[in-house]
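J.: Please find start_11.cif (mmCIF, C-alpha atoms) on the next line:
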data_model
loop_
_atom_site.label_atom_id
_atom_site.label_comp_id
_atom_site.auth_asym_id
_atom_site.auth_seq_id
_atom_site.Cartn_x
_atom_site.Cartn_y
_atom_site.Cartn_z
CA MET A 22 -114.63 149.41 164.08
CA ASP A 23 -115.16 148.07 160.55
CA GLU A 24 -113.42 145.09 158.95
CA PHE A 25 -110.88 147.28 157.13
CA GLN A 26 -109.70 148.91 160.36
CA LYS A 27 -109.41 145.55 162.14
CA GLN A 28 -107.44 144.08 159.24
CA LEU A 29 -105.14 147.09 159.17
CA ILE A 30 -104.36 146.84 162.88
CA GLU A 31 -103.96 143.05 162.81
CA THR A 32 -101.60 143.24 159.82
CA THR A 33 -99.46 145.93 161.44
CA VAL A 34 -99.26 144.06 164.75
CA GLU A 35 -98.47 140.80 162.96
CA LYS A 36 -95.59 142.37 161.03
CA THR A 37 -94.25 144.00 164.17
CA ALA A 38 -94.60 140.86 166.22
CA GLY A 39 -92.51 139.04 163.63
CA ALA A 40 -89.79 141.68 163.72
CA ALA A 41 -89.79 141.74 167.51
CA TYR A 42 -89.56 137.95 167.63
CA GLU A 43 -86.57 137.78 165.30
CA ASP A 44 -84.75 140.58 167.14
CA LEU A 45 -85.55 139.72 170.74
CA ALA A 46 -87.77 136.78 171.48
CA LYS A 47 -86.31 133.97 169.40
CA PRO A 48 -82.87 133.77 171.07
CA THR A 49 -84.41 134.12 174.50
CA MET A 50 -87.16 131.57 173.89
CA ASN A 51 -84.51 129.02 172.98
CA ALA A 52 -82.95 129.66 176.36
CA LEU A 53 -86.07 129.40 178.47
CA GLY A 54 -85.95 125.61 178.70
CA THR A 55 -82.28 125.48 179.63
CA VAL A 56 -79.65 127.84 180.98
CA ALA A 57 -76.80 126.05 179.22
CA SER A 58 -76.72 128.52 176.30
CA LEU A 59 -76.68 131.61 178.54
CA PRO A 60 -73.39 133.43 179.30
CA ILE A 61 -73.63 132.64 183.03
CA ARG A 62 -76.10 130.50 184.94
CA SER A 63 -77.20 133.36 187.20
CA ILE A 64 -78.35 135.46 184.25
CA ARG A 65 -81.70 133.69 184.27
CA VAL A 66 -82.37 134.93 187.78
CA LEU A 67 -81.14 138.44 186.97
CA CYS A 68 -83.27 138.62 183.83
CA ARG A 69 -86.39 136.98 185.20
CA LYS A 70 -88.47 140.01 184.23
CA TRP A 71 -87.27 139.68 180.64
CA GLU A 72 -88.27 136.03 180.64
CA LYS A 73 -91.70 137.03 181.88
CA TRP A 74 -91.96 139.56 179.03
CA ILE A 75 -91.22 136.86 176.49
CA VAL A 76 -93.80 134.54 178.00
CA SER A 77 -96.43 137.28 178.08
CA GLY A 78 -95.35 138.91 174.80
CA GLU A 79 -98.39 137.68 172.93
CA GLU A 80 -100.64 139.05 175.67
CA ASN A 81 -98.96 142.46 175.45
CA LEU A 82 -99.47 142.53 171.69
CA LYS A 83 -103.13 141.70 172.24
CA LYS A 84 -103.43 144.58 174.72
CA THR A 85 -101.74 146.86 172.20
CA ASP A 86 -104.17 145.78 169.50
CA GLU A 87 -107.15 146.53 171.77
CA LEU A 88 -105.73 149.92 172.76
CA ILE A 89 -105.22 151.07 169.17
CA GLN A 90 -108.60 149.80 168.03
CA LYS A 91 -110.30 151.75 170.81
CA LYS A 92 -108.54 154.94 169.77
CA LEU A 93 -109.54 154.42 166.13
CA GLU A 94 -113.24 153.90 166.85
CA MET A 95 -114.11 157.59 166.52
CA ILE A 96 -112.09 158.17 163.34
CA PRO A 97 -114.05 158.12 160.05
CA ASP A 98 -113.19 155.32 157.65
CA ASN A 99 -112.10 157.75 154.96
CA LEU A 100 -109.33 159.06 157.23
CA ILE A 101 -107.85 155.64 157.98
CA SER A 102 -104.72 154.64 156.08
CA GLU A 103 -101.84 152.22 156.48
CA PRO A 104 -99.10 153.70 158.66
CA GLU A 105 -95.55 154.04 157.42
CA PRO A 106 -93.46 151.08 158.61
CA TYR A 107 -90.67 153.34 159.89
CA ILE A 108 -93.22 154.72 162.37
CA ALA A 109 -95.44 151.70 163.00
CA ILE A 110 -92.84 148.99 163.59
CA PRO A 111 -90.61 150.71 166.17
CA THR A 112 -93.64 152.29 167.84
CA LEU A 113 -95.41 148.97 168.31
CA GLN A 114 -92.24 147.28 169.50
CA GLN A 115 -91.71 149.92 172.17
CA LEU A 116 -95.39 149.98 173.08
CA THR A 117 -95.33 146.32 174.04
CA TYR A 118 -92.48 147.01 176.46
CA CYS A 119 -94.39 149.66 178.42
CA ILE A 120 -97.99 148.51 178.01
CA ASP A 121 -98.47 148.65 181.79
CA ASN A 122 -97.27 152.24 182.15
CA LYS A 123 -100.14 154.63 181.48
CA PHE A 124 -98.25 157.69 180.27
CA LEU A 125 -95.59 156.07 178.07
CA ARG A 126 -98.23 153.73 176.66
CA GLU A 127 -100.48 156.62 175.73
CA MET A 128 -97.64 158.49 174.04
CA TYR A 129 -96.77 155.57 171.78
CA ALA A 130 -100.45 154.83 171.08
CA ASN A 131 -101.18 158.46 170.19
CA LEU A 132 -98.17 158.55 167.87
CA LEU A 133 -99.31 155.40 166.09
CA VAL A 134 -102.87 156.66 165.71
CA GLN A 135 -101.62 159.96 164.27
CA SER A 136 -99.54 158.00 161.75
CA ILE A 137 -102.66 156.10 160.68
CA LYS A 138 -104.86 159.18 160.19
CA LYS A 139 -104.52 160.66 156.72
CA ASP A 140 -104.86 164.24 157.95
CA SER A 141 -102.12 163.93 160.58
CA LYS A 142 -99.61 161.47 159.07
CA GLU A 143 -97.14 164.26 158.39
CA ASN A 144 -97.07 165.14 162.09
CA ALA A 145 -95.81 161.66 163.03
CA HIS A 146 -92.09 162.42 163.01
CA PRO A 147 -89.85 159.32 163.22
CA ALA A 148 -87.73 161.03 165.88
CA PHE A 149 -90.71 160.95 168.26
CA VAL A 150 -90.23 157.22 168.86
CA GLU A 151 -86.67 157.82 170.00
CA ILE A 152 -87.73 160.75 172.17
CA ILE A 153 -90.34 158.71 174.03
CA LYS A 154 -87.74 155.96 174.56
CA GLN A 155 -85.61 158.51 176.41
CA LEU A 156 -88.37 159.65 178.77
CA THR A 157 -88.96 158.25 182.24
CA PRO A 158 -92.55 157.59 183.38
CA PHE A 159 -92.23 160.71 185.55
CA GLU A 160 -91.16 162.86 182.60
CA ALA A 161 -93.97 161.47 180.47
CA ARG A 162 -96.50 162.36 183.15
CA PHE A 163 -94.92 165.81 183.51
CA LEU A 164 -95.70 166.44 179.84
CA PHE A 165 -99.24 165.10 180.08
CA GLU A 166 -99.89 167.42 183.02
CA SER A 167 -98.37 170.48 181.31
CA ASP A 168 -100.66 173.38 180.49
CA MET A 169 -99.93 174.33 176.89
CA SER A 170 -101.88 177.57 177.29
CA ASN A 171 -98.99 178.90 179.39
CA ILE A 172 -96.48 180.16 176.86
CA TYR A 173 -93.83 180.72 179.52
CA VAL A 174 -93.40 178.64 182.68
CA PRO A 175 -91.43 180.05 185.65
CA LEU A 176 -88.20 178.35 186.71
CA ILE A 177 -85.57 179.20 189.29
CA ASP A 178 -81.95 178.37 189.96
CA VAL A 179 -80.57 178.62 193.46
CA ASP A 180 -76.97 179.81 193.84
CA GLU A 181 -74.84 180.65 196.84
CA THR A 182 -72.15 183.29 197.13
CA GLU A 183 -69.32 183.36 199.62
CA ARG A 184 -66.76 186.01 200.28
CA ILE A 185 -63.20 184.98 199.59
CA GLU A 186 -61.03 185.46 202.66
CA GLU A 187 -58.75 188.50 202.65
CA SER A 188 -60.34 189.71 199.45
CA ASP A 189 -63.23 191.87 198.22
CA SER A 190 -64.19 189.17 195.74
CA PHE A 191 -66.95 186.58 196.03
CA SER A 192 -67.18 183.03 194.79
CA ARG A 193 -70.47 181.78 193.43
CA HIS A 194 -71.69 178.31 192.61
CA ASN A 195 -74.97 176.64 191.86
CA LEU A 196 -76.93 174.58 194.40
CA VAL A 197 -79.81 173.48 192.21
CA ARG A 198 -81.05 174.35 188.72
CA ASN A 199 -84.38 174.38 186.96
CA VAL A 200 -86.91 174.06 189.76
CA CYS A 201 -90.58 174.60 188.96
CA ILE A 202 -93.92 173.47 190.35
CA PRO A 203 -95.53 170.68 188.31
CA LEU A 204 -99.31 170.53 187.97
CA PHE A 205 -99.50 167.27 189.94
CA ASN A 206 -98.30 166.02 193.32
CA CYS A 207 -94.79 164.64 193.08
CA ASP A 208 -91.31 164.68 194.57
CA ILE A 209 -89.97 168.10 193.60
CA ASP A 210 -86.42 166.82 193.64
CA LYS A 211 -87.22 164.90 190.43
CA VAL A 212 -88.11 168.07 188.56
CA PRO A 213 -84.64 169.54 187.81
CA LEU A 214 -83.47 166.39 186.01
CA CYS A 215 -86.79 166.22 184.16
CA ILE A 216 -86.41 169.80 182.91
CA GLU A 217 -82.80 169.17 181.91
CA ASN A 218 -83.75 166.08 179.91
CA LEU A 219 -86.63 167.83 178.14
CA GLU A 220 -84.24 170.61 177.18
CA ARG A 221 -81.69 168.05 175.95
CA LEU A 222 -84.37 166.47 173.77
CA LYS A 223 -85.26 169.91 172.36
CA ILE A 224 -88.84 169.68 173.61
CA ILE A 225 -88.42 172.82 175.68
CA GLU A 226 -86.07 175.79 175.65
CA ILE A 227 -84.84 177.47 178.83
CA LEU A 228 -84.60 181.25 178.61
CA ASP A 229 -82.09 182.34 181.26
CA SER A 230 -82.43 186.03 180.45
CA CYS A 231 -86.24 186.16 180.64
CA ALA A 232 -88.52 186.19 183.66
CA LEU A 233 -92.22 186.65 184.30
CA GLY A 234 -93.37 189.97 185.72
CA GLU A 235 -95.36 188.32 188.52
CA ASP A 236 -93.22 187.89 191.63
CA ALA A 237 -95.87 185.66 193.20
CA GLU A 238 -95.21 182.89 190.67
CA TYR A 239 -91.56 182.72 191.67
CA GLU A 240 -92.25 183.13 195.37
CA LYS A 241 -94.32 179.93 195.24
CA ILE A 242 -91.28 178.05 193.98
CA GLU A 243 -88.89 179.71 196.43
CA SER A 244 -91.12 178.76 199.35
CA LEU A 245 -91.08 175.03 198.51
CA ASP A 246 -89.83 172.82 201.35
CA PHE A 247 -87.31 171.37 198.93
CA ILE A 248 -85.76 174.82 198.45
CA GLN A 249 -86.07 175.94 202.06
CA ASP A 250 -84.41 172.80 203.39
CA LEU A 251 -81.54 173.40 201.00
CA ILE A 252 -81.20 176.99 202.18
CA LYS A 253 -81.13 175.99 205.86
CA VAL A 254 -78.08 173.85 205.23
CA GLN A 255 -76.29 176.63 203.39
CA LYS A 256 -77.10 179.30 205.99
CA ALA A 257 -75.17 177.28 208.53
CA LYS A 258 -72.12 177.86 206.32
CA ASN A 259 -72.62 181.64 206.46
CA THR A 260 -73.17 182.01 202.73
CA THR A 261 -75.60 184.21 200.81
CA ILE A 262 -78.42 182.66 198.79
CA VAL A 263 -79.23 184.08 195.35
CA TYR A 264 -82.33 183.17 193.32
CA CYS A 265 -82.05 183.28 189.54
CA ARG A 266 -85.50 183.68 188.00
CA LYS A 267 -86.11 182.53 184.44
CA VAL A 268 -88.65 180.67 182.26
CA TYR A 269 -88.96 177.75 179.90
CA THR A 270 -91.11 177.50 176.80
CA PHE A 271 -91.94 174.71 174.35
CA THR A 272 -89.96 174.72 171.13
CA THR A 273 -91.68 174.46 167.74
CA PHE A 274 -90.54 170.84 167.62
CA GLY A 275 -91.76 170.33 171.16
CA LYS A 276 -95.20 171.72 170.35
CA LEU A 277 -95.51 169.27 167.46
CA PHE A 278 -94.45 166.44 169.77
CA MET A 279 -97.09 167.47 172.31
CA LYS A 280 -99.76 167.75 169.63
CA THR A 281 -98.93 164.35 168.19
CA CYS A 282 -98.04 162.22 171.21
CA VAL A 283 -99.63 163.88 174.24
CA GLN A 284 -102.71 165.96 173.60
CA GLU A 285 -105.98 164.09 173.17
CA GLU A 286 -108.25 165.38 170.41
#
Render the structure in this file as structure tokens.

T.:
Amino acid sequence: MDEFQKQLIETTVEKTAGAAYEDLAKPTMNALGTVASLPIRSIRVLCRKWEKWIVSGEENLKKTDELIQKKLEMIPDNLISEPEPYIAIPTLQQLTYCIDNKFLREMYANLLVQSIKKDSKENAHPAFVEIIKQLTPFEARFLFESDMSNIYVPLIDVDETERIEESDSFSRHNLVRNVCIPLFNCDIDKVPLCIENLERLKIIEILDSCALGEDAEYEKIESLDFIQDLIKVQKAKNTTIVYCRKVYTFTTFGKLFMKTCVQEE
């Protein structure tokens, strides 16, 4: 890391630290010595973690500085440039909040590094900061563990149908949507909400009318304990279970997000 790179990082962190202090730290620091200025006395107990963040804010900024410098070590000097403030400032602010979470931390750090590199600055979309802010640690890990070589990923919905009394008609309603098998050990019941949020953020697109030709890929999902336990409950009600097979794929915007914030070069 040469002197130019160090100065660039230190200047960016310094500017961000100032902005973060004015927006967040200054009012809270004034309240650390006394609870008189707080809305209610119990707020100090409820917000103890926030107080800790303020106390250790400088340490988090130092950790952020070290993380970015490490990522820039392998980048040639001629590709280093000052990042745009509309990317650097909000990214660094958010990075200090989640410095202890591996996956969110890496997303913000990768985004900042891409905004510093001359040959990838255009990929650093300002919306990416807001997207990462709306991801849980589980969802961030889900993306890191995703295999981008798979164009289409199998999903299933599970519905139940029930015959309407004294009628030839059937009622049908959904039991669970968007179940797939992540590429890491986790609680499967977290997956449907993860998929729904990624679709909401336009990172992925769910194709309800498309399905893979390989039955085995869907049978793996249908045999999950999470699904089978759900079915056992419904069978007791004398209903019929229907699987809806489909896929999801990454959008063009989602692929750029993955390239910029997730995939290591």

J.: Take the PyMOL selection byres ((chain A and resi 148) around 12), apply it to the structure above, and return the hits as a VMD selection string.

T.: chain A and resid 107 to 108 111 to 112 132 144 to 147 149 to 155 222 to 224 274 to 275 277 to 278 281 to 282

J.: From the options A:Ile252, A:Asp180, A:Ile227, A:Val200, which residue's atoms come nearest to Tyr264 in chain A, counting only C-alpha atoms?

T.: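 Among the listed residues, the smallest separation from Tyr264 in chain A belongs to A:Asp180.
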
J.: May I ask which of the residues A:Arg221, A:Arg266, A:Lys241, A:Lys92 is the closest one to Leu133 in chain A, counting all atoms listed in the file?

T.: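 Among the listed residues, A:Lys92 lies closest to Leu133 in chain A.
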
J.: How far is it from CA of Ile89 in chain A to CA of Phe205 in chain A, in Å with one decimal?

T.: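 Going from CA of Ile89 in chain A over to CA of Phe205 in chain A, I get 27.0 Å.
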
J.: Between A:Glu143, A:Glu243, A:Glu127, A:Asp178, which is the closest to Val268 in chain A once you count only C-alpha atoms?

T.: A:Asp178

J.: Compare A:Ser244, A:Asn131, A:Thr157, A:Asn81 by their minimum atom-to-atom distance to Met279 in chain A, counting only C-alpha atoms, and give me the closest one.

T.: A:Asn131

J.: Quick one: residues within 9 Å of Arg162 in chain A, all atoms listed in the file counted, chain neighbours fewer than 6 positions away excluded, as a list of chain:residue names?

T.: A:Lys123, A:Phe124, A:Leu125, A:Phe205

J.: Give me the residues near Cys201 in chain A as a ChimeraX atom specification, where near means some atom within 9 Å (using all atoms listed in the file) and where sequence neighbours in that chain fewer than 6 positions away do not count.

T.: /A:174-177,209,212-213,216,239,242

J.: Just so the selection is clear, what residues does the PyMOL selection byres ((chain A and resi 210) around 12) cover here, as a list in words?

T.: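 The output of the PyMOL selection byres ((chain A and resi 210) around 12) on this file is Phe159, Val197, Arg198, Asn199, Val200, Cys201, Ile202, Pro203, Asn206, Cys207, Asp208, Ile209, Lys211, Val212, Pro213, Leu214, Cys215, Ile216, Leu245, Asp246, Phe247, Ile248, Asp250 and Leu251 of chain A.
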
J.: Of the candidates A:Ser192, A:Gln249, A:Gln135, A:Asn171, which one gets nearest to Glu285 in chain A if we count only C-alpha atoms?

T.: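 Answer, going by the shortest atom-to-atom distance: A:Gln135.
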
J.: In Å, rounded to a single decimal, give me how far CA of Glu166 in chain A is from CA of Met128 in chain A.

T.: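 CA of Met128 in chain A sits 12.9 Å away from CA of Glu166 in chain A.
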
J.: Taking only C-alpha atoms into account, name the residue in A:Phe165, A:Tyr173, A:Tyr269, A:Phe191 that is nearest to Gln284 in chain A.

T.: A:Phe165
